[in-house]
Structures are given as C-alpha cells and as structure tokens.
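Next comes upload07.pdb, a file with PDB, C-alpha atoms.
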```
ATOM      1  CA  MET A 127      58.149  61.292-136.313
ATOM      2  CA  PHE A 128      55.626  58.598-135.466
ATOM      3  CA  TRP A 129      53.620  58.984-138.671
ATOM      4  CA  ALA A 130      56.856  58.986-140.694
ATOM      5  CA  LEU A 131      57.710  55.667-139.072
ATOM      6  CA  ILE A 132      54.276  54.232-139.882
ATOM      7  CA  PHE A 133      54.602  55.396-143.501
ATOM      8  CA  PHE A 134      58.049  53.821-143.772
ATOM      9  CA  CYS A 135      56.772  50.513-142.371
ATOM     10  CA  VAL A 136      53.882  50.432-144.854
ATOM     11  CA  MET A 137      56.146  51.181-147.811
ATOM     12  CA  PHE A 138      58.708  48.651-146.597
ATOM     13  CA  GLY A 139      55.955  46.023-146.382
ATOM     14  CA  ILE A 140      54.909  46.811-149.961
ATOM     15  CA  ALA A 141      58.526  46.398-151.060
ATOM     16  CA  LEU A 142      58.724  43.021-149.285
ATOM     17  CA  VAL A 143      55.596  41.849-151.079
ATOM     18  CA  GLY A 144      57.219  42.836-154.355
ATOM     19  CA  LEU A 145      60.195  40.614-153.575
ATOM     20  CA  GLY A 146      57.973  37.553-153.356
ATOM     21  CA  GLU A 147      59.657  34.415-152.029
ATOM     22  CA  ARG A 148      63.026  36.161-151.740
ATOM     23  CA  GLY A 149      61.610  38.253-148.888
ATOM     24  CA  ARG A 150      60.208  35.240-147.025
ATOM     25  CA  PRO A 151      63.318  34.674-144.787
ATOM     26  CA  PHE A 152      63.227  38.291-143.593
ATOM     27  CA  VAL A 153      59.496  38.079-142.848
ATOM     28  CA  SER A 154      60.081  34.888-140.848
ATOM     29  CA  LEU A 155      62.874  36.608-138.927
ATOM     30  CA  MET A 156      60.630  39.559-138.085
ATOM     31  CA  GLU A 157      57.898  37.187-136.897
ATOM     32  CA  ILE A 158      60.387  35.515-134.552
ATOM     33  CA  VAL A 159      61.567  38.905-133.250
ATOM     34  CA  SER A 160      57.938  39.977-132.700
ATOM     35  CA  GLN A 161      57.106  36.806-130.799
ATOM     36  CA  ALA A 162      60.258  37.141-128.695
ATOM     37  CA  SER A 163      59.389  40.778-127.906
ATOM     38  CA  PHE A 164      55.893  39.840-126.770
ATOM     39  CA  ARG A 165      57.369  37.020-124.703
ATOM     40  CA  LEU A 166      59.775  39.454-123.054
ATOM     41  CA  VAL A 167      56.958  41.873-122.205
ATOM     42  CA  ASN A 168      54.889  39.024-120.767
ATOM     43  CA  LEU A 169      57.841  37.973-118.584
ATOM     44  CA  VAL A 170      58.196  41.535-117.316
ATOM     45  CA  MET A 171      54.463  41.782-116.634
ATOM     46  CA  THR A 172      54.644  38.496-114.705
ATOM     47  CA  VAL A 173      56.937  39.999-112.073
ATOM     48  CA  ALA A 174      55.431  43.487-112.381
ATOM     49  CA  PRO A 175      52.951  42.924-109.477
ATOM     50  CA  ILE A 176      55.899  42.687-107.088
ATOM     51  CA  GLY A 177      57.217  46.048-108.215
ATOM     52  CA  VAL A 178      53.721  47.535-108.192
ATOM     53  CA  PHE A 179      53.207  46.325-104.619
ATOM     54  CA  ALA A 180      56.454  47.969-103.530
ATOM     55  CA  LEU A 181      55.608  51.231-105.301
ATOM     56  CA  MET A 182      52.090  51.370-103.876
ATOM     57  CA  ALA A 183      53.324  50.479-100.395
ATOM     58  CA  ALA A 184      55.874  53.297-100.478
ATOM     59  CA  THR A 185      53.428  55.825-101.930
ATOM     60  CA  ILE A 186      50.552  54.964 -99.579
ATOM     61  CA  GLY A 187      52.990  54.945 -96.669
ATOM     62  CA  THR A 188      53.981  58.480 -97.666
ATOM     63  CA  TYR A 189      50.591  59.975 -98.571
ATOM     64  CA  GLY A 190      48.197  57.859 -96.469
ATOM     65  CA  VAL A 191      45.462  55.239 -96.949
ATOM     66  CA  GLN A 192      43.041  57.901 -98.183
ATOM     67  CA  LEU A 193      44.502  57.397-101.679
ATOM     68  CA  VAL A 194      42.414  54.237-102.027
ATOM     69  CA  ILE A 195      39.179  56.226-102.422
ATOM     70  CA  PRO A 196      40.436  58.283-105.418
ATOM     71  CA  LEU A 197      41.587  55.069-107.091
ATOM     72  CA  LEU A 198      38.114  53.592-106.699
ATOM     73  CA  ARG A 199      36.680  56.747-108.222
ATOM     74  CA  LEU A 200      39.092  56.384-111.149
ATOM     75  CA  ILE A 201      37.885  52.826-111.753
ATOM     76  CA  GLY A 202      34.253  53.941-111.617
ATOM     77  CA  THR A 203      34.848  56.885-113.957
ATOM     78  CA  ALA A 204      36.690  54.712-116.470
ATOM     79  CA  TYR A 205      33.955  52.063-116.481
ATOM     80  CA  VAL A 206      31.199  54.657-116.914
ATOM     81  CA  ALA A 207      33.052  56.334-119.790
ATOM     82  CA  LEU A 208      33.733  53.010-121.530
ATOM     83  CA  ALA A 209      30.090  51.981-121.055
ATOM     84  CA  ILE A 210      29.002  55.219-122.755
ATOM     85  CA  VAL A 211      31.208  54.329-125.723
ATOM     86  CA  VAL A 212      29.743  50.813-125.995
ATOM     87  CA  PHE A 213      26.070  51.636-125.416
ATOM     88  CA  VAL A 214      25.814  55.188-126.800
ATOM     89  CA  VAL A 215      28.614  56.003-129.252
ATOM     90  CA  PHE A 216      28.794  52.624-130.998
ATOM     91  CA  PRO A 217      24.990  52.407-131.524
ATOM     92  CA  ILE A 218      25.115  55.843-133.178
ATOM     93  CA  VAL A 219      27.913  54.657-135.456
ATOM     94  CA  ALA A 220      25.928  51.496-136.227
ATOM     95  CA  TRP A 221      22.909  53.627-137.188
ATOM     96  CA  PHE A 222      25.012  55.598-139.665
ATOM     97  CA  LEU A 223      26.420  52.345-141.083
ATOM     98  CA  ARG A 224      22.897  50.889-141.402
ATOM     99  CA  ILE A 225      23.673  47.808-139.335
ATOM    100  CA  ARG A 226      21.863  46.462-136.282
ATOM    101  CA  ILE A 227      23.824  47.039-133.109
ATOM    102  CA  ILE A 228      22.125  44.037-131.480
ATOM    103  CA  GLU A 229      23.703  41.785-134.108
ATOM    104  CA  VAL A 230      27.101  43.270-133.312
ATOM    105  CA  TYR A 231      26.604  42.640-129.585
ATOM    106  CA  LYS A 232      25.608  39.025-130.262
ATOM    107  CA  MET A 233      28.579  38.528-132.551
ATOM    108  CA  VAL A 234      31.354  39.752-130.253
ATOM    109  CA  TRP A 235      30.126  39.503-126.656
ATOM    110  CA  ASP A 236      32.038  36.284-125.979
ATOM    111  CA  LEU A 237      35.148  37.613-127.738
ATOM    112  CA  MET A 238      34.963  40.715-125.560
ATOM    113  CA  ILE A 239      34.951  38.485-122.480
ATOM    114  CA  ILE A 240      37.978  36.547-123.750
ATOM    115  CA  GLY A 241      39.811  39.775-124.564
ATOM    116  CA  ALA A 242      38.994  41.171-121.141
ATOM    117  CA  SER A 243      40.187  38.041-119.337
ATOM    118  CA  THR A 244      43.470  37.859-121.258
ATOM    119  CA  GLY A 245      44.046  41.601-121.477
ATOM    120  CA  SER A 246      44.980  41.423-125.162
ATOM    121  CA  THR A 247      43.000  41.760-128.386
ATOM    122  CA  GLU A 248      45.450  39.519-130.231
ATOM    123  CA  THR A 249      43.941  36.439-128.601
ATOM    124  CA  VAL A 250      40.639  36.894-130.473
ATOM    125  CA  VAL A 251      41.911  38.166-133.838
ATOM    126  CA  PRO A 252      41.394  34.884-135.787
ATOM    127  CA  GLN A 253      37.857  34.375-134.461
ATOM    128  CA  LEU A 254      37.014  38.055-134.950
ATOM    129  CA  MET A 255      38.168  38.022-138.579
ATOM    130  CA  ASP A 256      36.167  34.885-139.290
ATOM    131  CA  ARG A 257      32.972  36.303-137.762
ATOM    132  CA  LEU A 258      33.373  39.634-139.521
ATOM    133  CA  GLU A 259      33.724  37.818-142.833
ATOM    134  CA  ARG A 260      30.425  36.050-142.201
ATOM    135  CA  PHE A 261      28.923  39.327-140.974
ATOM    136  CA  GLY A 262      29.611  41.039-144.294
ATOM    137  CA  ALA A 263      33.160  42.418-144.287
ATOM    138  CA  PRO A 264      35.264  40.596-146.926
ATOM    139  CA  LYS A 265      38.471  38.885-145.907
ATOM    140  CA  SER A 266      40.465  41.284-148.070
ATOM    141  CA  ILE A 267      39.259  44.070-145.754
ATOM    142  CA  THR A 268      39.529  42.365-142.370
ATOM    143  CA  SER A 269      42.967  40.860-143.065
ATOM    144  CA  PHE A 270      44.349  44.380-143.465
ATOM    145  CA  VAL A 271      42.209  46.562-141.199
ATOM    146  CA  ILE A 272      42.314  44.422-138.048
ATOM    147  CA  PRO A 273      46.101  43.719-137.931
ATOM    148  CA  ALA A 274      46.771  47.382-138.748
ATOM    149  CA  GLY A 275      44.189  48.438-136.173
ATOM    150  CA  LEU A 276      45.779  46.534-133.278
ATOM    151  CA  PRO A 277      48.216  49.401-132.597
ATOM    152  CA  LEU A 278      46.234  52.180-134.287
ATOM    153  CA  ASN A 279      42.583  51.567-133.399
ATOM    154  CA  SER A 280      42.498  51.262-129.609
ATOM    155  CA  ASP A 281      39.358  53.170-128.619
ATOM    156  CA  GLY A 282      39.247  51.954-125.039
ATOM    157  CA  THR A 283      42.949  52.553-124.426
ATOM    158  CA  THR A 284      42.835  56.076-125.848
ATOM    159  CA  LEU A 285      39.832  56.971-123.697
ATOM    160  CA  TYR A 286      41.464  55.562-120.588
ATOM    161  CA  LEU A 287      44.693  57.522-121.116
ATOM    162  CA  THR A 288      42.761  60.780-121.468
ATOM    163  CA  ILE A 289      41.089  60.020-118.127
ATOM    164  CA  ALA A 290      44.199  58.852-116.277
ATOM    165  CA  ALA A 291      46.352  61.902-116.976
ATOM    166  CA  PRO A 292      43.917  64.513-115.542
ATOM    167  CA  PHE A 293      43.388  62.146-112.599
ATOM    168  CA  ILE A 294      47.111  62.223-111.805
ATOM    169  CA  ALA A 295      47.164  66.014-112.059
ATOM    170  CA  GLN A 296      44.188  66.351-109.687
ATOM    171  CA  LEU A 297      45.599  63.760-107.291
ATOM    172  CA  PHE A 298      48.848  65.679-106.818
ATOM    173  CA  GLY A 299      47.221  69.123-106.890
ATOM    174  CA  ILE A 300      48.803  70.200-110.177
ATOM    175  CA  HIS A 301      46.870  73.111-111.660
ATOM    176  CA  MET A 302      46.245  72.806-115.393
ATOM    177  CA  THR A 303      44.406  75.340-117.502
ATOM    178  CA  PHE A 304      41.603  74.283-119.818
ATOM    179  CA  TRP A 305      43.745  74.620-122.942
ATOM    180  CA  HIS A 306      46.584  72.771-121.247
ATOM    181  CA  GLN A 307      44.217  69.868-120.593
ATOM    182  CA  VAL A 308      42.951  69.949-124.186
ATOM    183  CA  MET A 309      46.494  69.863-125.567
ATOM    184  CA  MET A 310      47.413  67.036-123.210
ATOM    185  CA  ILE A 311      44.375  65.005-124.311
ATOM    186  CA  LEU A 312      45.232  65.569-127.980
ATOM    187  CA  PHE A 313      48.798  64.552-127.182
ATOM    188  CA  PHE A 314      47.579  61.276-125.660
ATOM    189  CA  ILE A 315      45.313  60.619-128.638
ATOM    190  CA  VAL A 316      48.356  60.786-130.912
ATOM    191  CA  THR A 317      50.801  58.891-128.695
ATOM    192  CA  SER A 318      48.311  56.089-128.043
ATOM    193  CA  LYS A 319      48.496  55.182-131.750
ATOM    194  CA  GLY A 320      51.153  52.515-131.508
ATOM    195  CA  VAL A 321      50.356  50.853-128.205
ATOM    196  CA  ALA A 322      51.280  47.172-128.304
ATOM    197  CA  ALA A 323      48.520  44.590-128.056
ATOM    198  CA  VAL A 324      49.844  43.155-124.795
ATOM    199  CA  PRO A 325      48.367  43.508-121.303
ATOM    200  CA  SER A 326      48.938  46.874-119.586
ATOM    201  CA  SER A 327      51.228  48.107-122.362
ATOM    202  CA  SER A 328      49.398  51.443-122.288
ATOM    203  CA  MET A 329      51.122  52.161-118.972
ATOM    204  CA  VAL A 330      54.389  52.594-120.859
ATOM    205  CA  ILE A 331      52.830  55.324-123.001
ATOM    206  CA  LEU A 332      51.165  56.895-119.966
ATOM    207  CA  LEU A 333      54.461  57.019-118.070
ATOM    208  CA  ALA A 334      56.422  58.489-120.973
ATOM    209  CA  THR A 335      53.781  61.046-121.932
ATOM    210  CA  ALA A 336      52.814  62.027-118.386
ATOM    211  CA  THR A 337      56.398  62.771-117.393
ATOM    212  CA  ALA A 338      56.865  64.708-120.652
ATOM    213  CA  VAL A 339      54.020  67.075-119.729
ATOM    214  CA  GLY A 340      55.231  67.505-116.161
ATOM    215  CA  LEU A 341      53.152  64.937-114.264
ATOM    216  CA  PRO A 342      54.865  62.888-111.503
ATOM    217  CA  ALA A 343      55.810  59.279-112.215
ATOM    218  CA  GLU A 344      54.500  58.302-108.780
ATOM    219  CA  GLY A 345      50.968  58.876-110.056
ATOM    220  CA  VAL A 346      51.496  56.329-112.824
ATOM    221  CA  ALA A 347      52.791  53.881-110.233
ATOM    222  CA  LEU A 348      49.599  54.343-108.223
ATOM    223  CA  ILE A 349      47.389  53.742-111.244
ATOM    224  CA  LEU A 350      49.412  50.680-112.170
ATOM    225  CA  GLY A 351      48.143  49.041-108.996
ATOM    226  CA  VAL A 352      44.548  49.076-110.290
ATOM    227  CA  ASP A 353      45.339  49.069-114.001
ATOM    228  CA  ARG A 354      44.495  45.388-114.494
ATOM    229  CA  VAL A 355      40.918  46.018-113.363
ATOM    230  CA  ILE A 356      40.480  48.837-115.890
ATOM    231  CA  ASP A 357      42.446  46.995-118.571
ATOM    232  CA  MET A 358      39.731  44.349-118.755
ATOM    233  CA  ALA A 359      37.089  46.905-119.739
ATOM    234  CA  ARG A 360      39.203  48.886-122.196
ATOM    235  CA  THR A 361      40.367  45.725-123.969
ATOM    236  CA  ALA A 362      36.761  44.639-124.433
ATOM    237  CA  VAL A 363      35.980  48.028-125.971
ATOM    238  CA  ASN A 364      38.981  47.675-128.279
ATOM    239  CA  VAL A 365      37.574  44.380-129.584
ATOM    240  CA  MET A 366      34.266  45.993-130.529
ATOM    241  CA  GLY A 367      36.092  48.929-132.055
ATOM    242  CA  HIS A 368      37.722  46.604-134.595
ATOM    243  CA  VAL A 369      34.258  45.495-135.726
ATOM    244  CA  PHE A 370      33.251  49.026-136.634
ATOM    245  CA  SER A 371      36.582  49.913-138.234
ATOM    246  CA  SER A 372      36.298  46.939-140.604
ATOM    247  CA  THR A 373      32.643  47.698-141.310
ATOM    248  CA  VAL A 374      33.395  51.360-142.060
ATOM    249  CA  VAL A 375      36.140  50.439-144.532
ATOM    250  CA  ALA A 376      33.933  47.797-146.167
ATOM    251  CA  ARG A 377      31.112  50.350-146.547
ATOM    252  CA  TRP A 378      33.583  52.907-147.819
ATOM    253  CA  GLU A 379      34.820  50.514-150.485
ATOM    254  CA  GLY A 380      31.264  49.438-151.339
ATOM    255  CA  VAL A 381      31.928  45.749-150.672
ATOM    256  CA  PHE A 382      30.046  45.225-147.397
ATOM    257  CA  GLY A 383      27.828  42.163-147.676
ATOM    258  CA  GLN A 384      29.630  40.937-150.792
ATOM    259  CA  LYS A 385      31.794  37.870-151.136
ATOM    260  CA  ASP A 386      35.518  38.352-151.396
ATOM    261  CA  PRO A 387      36.492  38.541-155.086
ATOM    262  CA  GLU A 388      39.440  36.191-154.537
ATOM    263  CA  VAL A 389      37.216  33.616-152.878
ATOM    264  CA  THR A 390      34.658  33.926-155.689
ATOM    265  CA  VAL A 391      37.333  33.428-158.360
ATOM    266  CA  GLN A 392      38.739  30.397-156.581
ATOM    267  CA  SER A 393      35.267  28.878-156.197
ATOM    268  CA  SER A 394      34.510  29.447-159.895
ATOM    269  CA  THR A 395      37.809  27.878-160.878
ATOM    270  CA  ARG A 396      37.099  24.780-158.803
ATOM    271  CA  GLU A 397      33.621  24.464-160.302
ATOM    272  CA  GLU A 398      35.027  24.691-163.838
ATOM    273  CA  ALA A 399      37.671  22.108-163.035
ATOM    274  CA  GLU A 400      35.149  19.572-161.705
ATOM    275  CA  PRO A 401      34.000  17.037-164.328
ATOM    276  CA  VAL A 402      30.353  17.146-165.312
TER     277      VAL A 402
END
```
Final structure tokens representation of the file:
Amino acid sequence: MFWALIFFCVMFGIALVGLGERGRPFVSLMEIVSQASFRLVNLVMTVAPIGVFALMAATIGTYGVQLVIPLLRLIGTAYVALAIVVFVVFPIVAWFLRIRIIEVYKMVWDLMIIGASTGSTETVVPQLMDRLERFGAPKSITSFVIPAGLPLNSDGTTLYLTIAAPFIAQLFGIHMTFWHQVMMILFFIVTSKGVAAVPSSSMVILLATATAVGLPAEGVALILGVDRVIDMARTAVNVMGHVFSSTVVARWEGVFGQKDPEVTVQSSTREEAEPV
C-alpha cells in the first residue's frame, strides 16, 4: 500500500508538471497545507514534554526507578551504532564511490550540528544542496534526490527504530524468536520510509508498528522521555546520508564532477548575448 501511494504521488507530480502554469494554484495550495501540517506537529511537540513527563512518572511509579539504567543503556547503544555508521559504514561507501571521506566530513560537519540541534534535516536542505553542487553532484540530481530522500532516506532513523523495538521487548520480558526479530526489523525498515522530517516524528511510526507486532505502548512512552537525546544523533546521521545518496545517483548517471547541463546552456546563452 505504501509503495502504491509513493508511485501515485510521483505520477501525480509528473502530471502537474505537464499542466504547467495551470497547475500552479494547486501546488501553492499543497505547499500551504504542508506548512500548516508541520506547524501543527511542532505545536503538538511543544506540549509533548508535559505528556511525556506524566507518562514517565506513571510508568516509573509502577515499575520503579531501576528503569532509568536501561534507558541509559539504550542511549549508549544507539550512539555506538550510529557512530559505527558514520565512521565505518560511510567510509566504506566513500571508498567504493572513489571520494575522500575526510572531504565529506569537512563539508557537512557544521550542517550535522545544526540538524542535531533543530532535530530536523529540512533546516539544512538549502545549504546541503548548494555544497553538494560544489562538491560535484549537479543541481539536477540534488534537487530531486534530497527532497525525495527526506522521507525515504533516513539512515539514522531506520537504525534507531530497529534498536528501540527489541529494547521494548526485552524491557517488558517479551520473548521473541530470532526470525520474529528479523521480520520485525524488516518491517521497521519498510515502515520508516515515509517518516516526516520533523523532530521526533519517528515515535509515531514506532508506536504504530510496535503495537501492531504486539509490543506495549508503555514502552514507547518510556523511550519518548529520552528520545530527544537520541534524535540529535540520528538526525545528524540522516544529513550525511543525503550526501551519499546524491553522490551515488550522480555516479550512477555518470555526471559526478560535471556542471549541470542547464547551467552550462544558460551560461553559454548569456555569453553569446553579450556584445563583443
């Protein structure tokens, strides 16, 4: 169902482009709806700490203060796993792409900090696209891959969800076989494709998916209390993931390191129009 929806949205976007200026009012309306939706989520997340405090107070009052130690272990496990992605997995990908990982670190380290502090990758999209264009990925690639990758290419979020679900099962003593865990992880990998680029939005997917596989909602409420700490790290990883997705597509298309054809044509046209 999800992939059918994605396919429909892509085809509908192509149809809107074909309409030209006649489709402009609808596009403007959708932009307003999108901005209003993000504003609504931000308003909810503003008062969410109050609800989280009440949920954690009730849960800890029921199960005891000893729950704090498992939560600290969850934070440590998530940070170690995300660090392995940044300093082990991404360098291997960079080696296959024939790019220097040090240059990637220098290019996005400050954007990763901004993304971590705001909890959203959308805040750094313009700067990231501009730097990737100078790095070698043409604008025609980045302008499609990065906006499409905001809901689809969330490496840090996907990794975190696959850690959080087994944590909830272990915390409440729910026995899960090896194949049950594998299927649950694959399920999270699929359902995480579509997470909104707003702070802590992955908790919505975690709650829906965890309850669907039989995990208690109270476990999600517990994690929500420390989610902001982990969200900083996973958002930073998401930012770097967009760099490699754009680079992979540019390499795939054979245009990495080349100037955008549209920009080249426009520059040539201006040069021809200038008087000698």
> Which residues, protein or nucleic acid, reach to within 12 Å of (52.5, 58.1, -110.8) in the file's coordinates when using all atoms listed in the file, and can you give that as a ChimeraX atom specification?
Replying inline: /A:178,181-182,184-186,197,290-298,329-330,332-337,340-351,353
>> Take the PyMOL selection byres ((chain A and resi 313) around 12), run it mentally on this structure, and tell me the resulting residues as an MDAnalysis selection string.
In response: chainID A and resid 284 287:288 291 306:312 314:319 331:332 334:336 338:339
>> Selection in question (the file shown): the PyMOL selection byres ((chain A and resi 256) around 12). Which residues does it include, as a list in words?
In response: Met233, Val234, Leu237, Val250, Val251, Pro252, Gln253, Leu254, Met255, Arg257, Leu258, Glu259, Arg260, Phe261, Gly262, Ala263, Pro264, Lys265, Ser266, Ile267, Thr268, Ser269, Ile272 and Val369 of chain A
>> Quick one: residues within 9 Å of range 202-212 of chain A, all atoms listed in the file, excluding same-chain residues fewer than 3 positions away - as a ChimeraX atom specification?
In response: /A:197-199,215-217,281-282,285-286,289-290,356,359-360,363,366-367
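Atom pair CA of Thr247 in chain A / CA of Thr283 in chain A: separated by 11.5 Å.
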>> Please enumerate the residues selected by the PyMOL selection byres ((chain A and resi 224) around 12) when evaluated against the supplied file, formatted as an MDAnalysis selection string.
In response: chainID A and resid 217:223 225:227 229:230 370 373:374 377 382:383
> Which value, in Å to one decimal, gives the distance between CA of Gln192 in chain A and CA of His301 in chain A?
Replying inline: 20.7 Å
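Separating CA of Pro151 in chain A from CA of Cys135 in chain A is a distance of 17.3 Å.
The residue that comes closest to Val271 in chain A, out of A:Ser246, A:Ser154, A:Ser371, A:Gln161 and on the basis of only C-alpha atoms, is A:Ser371.
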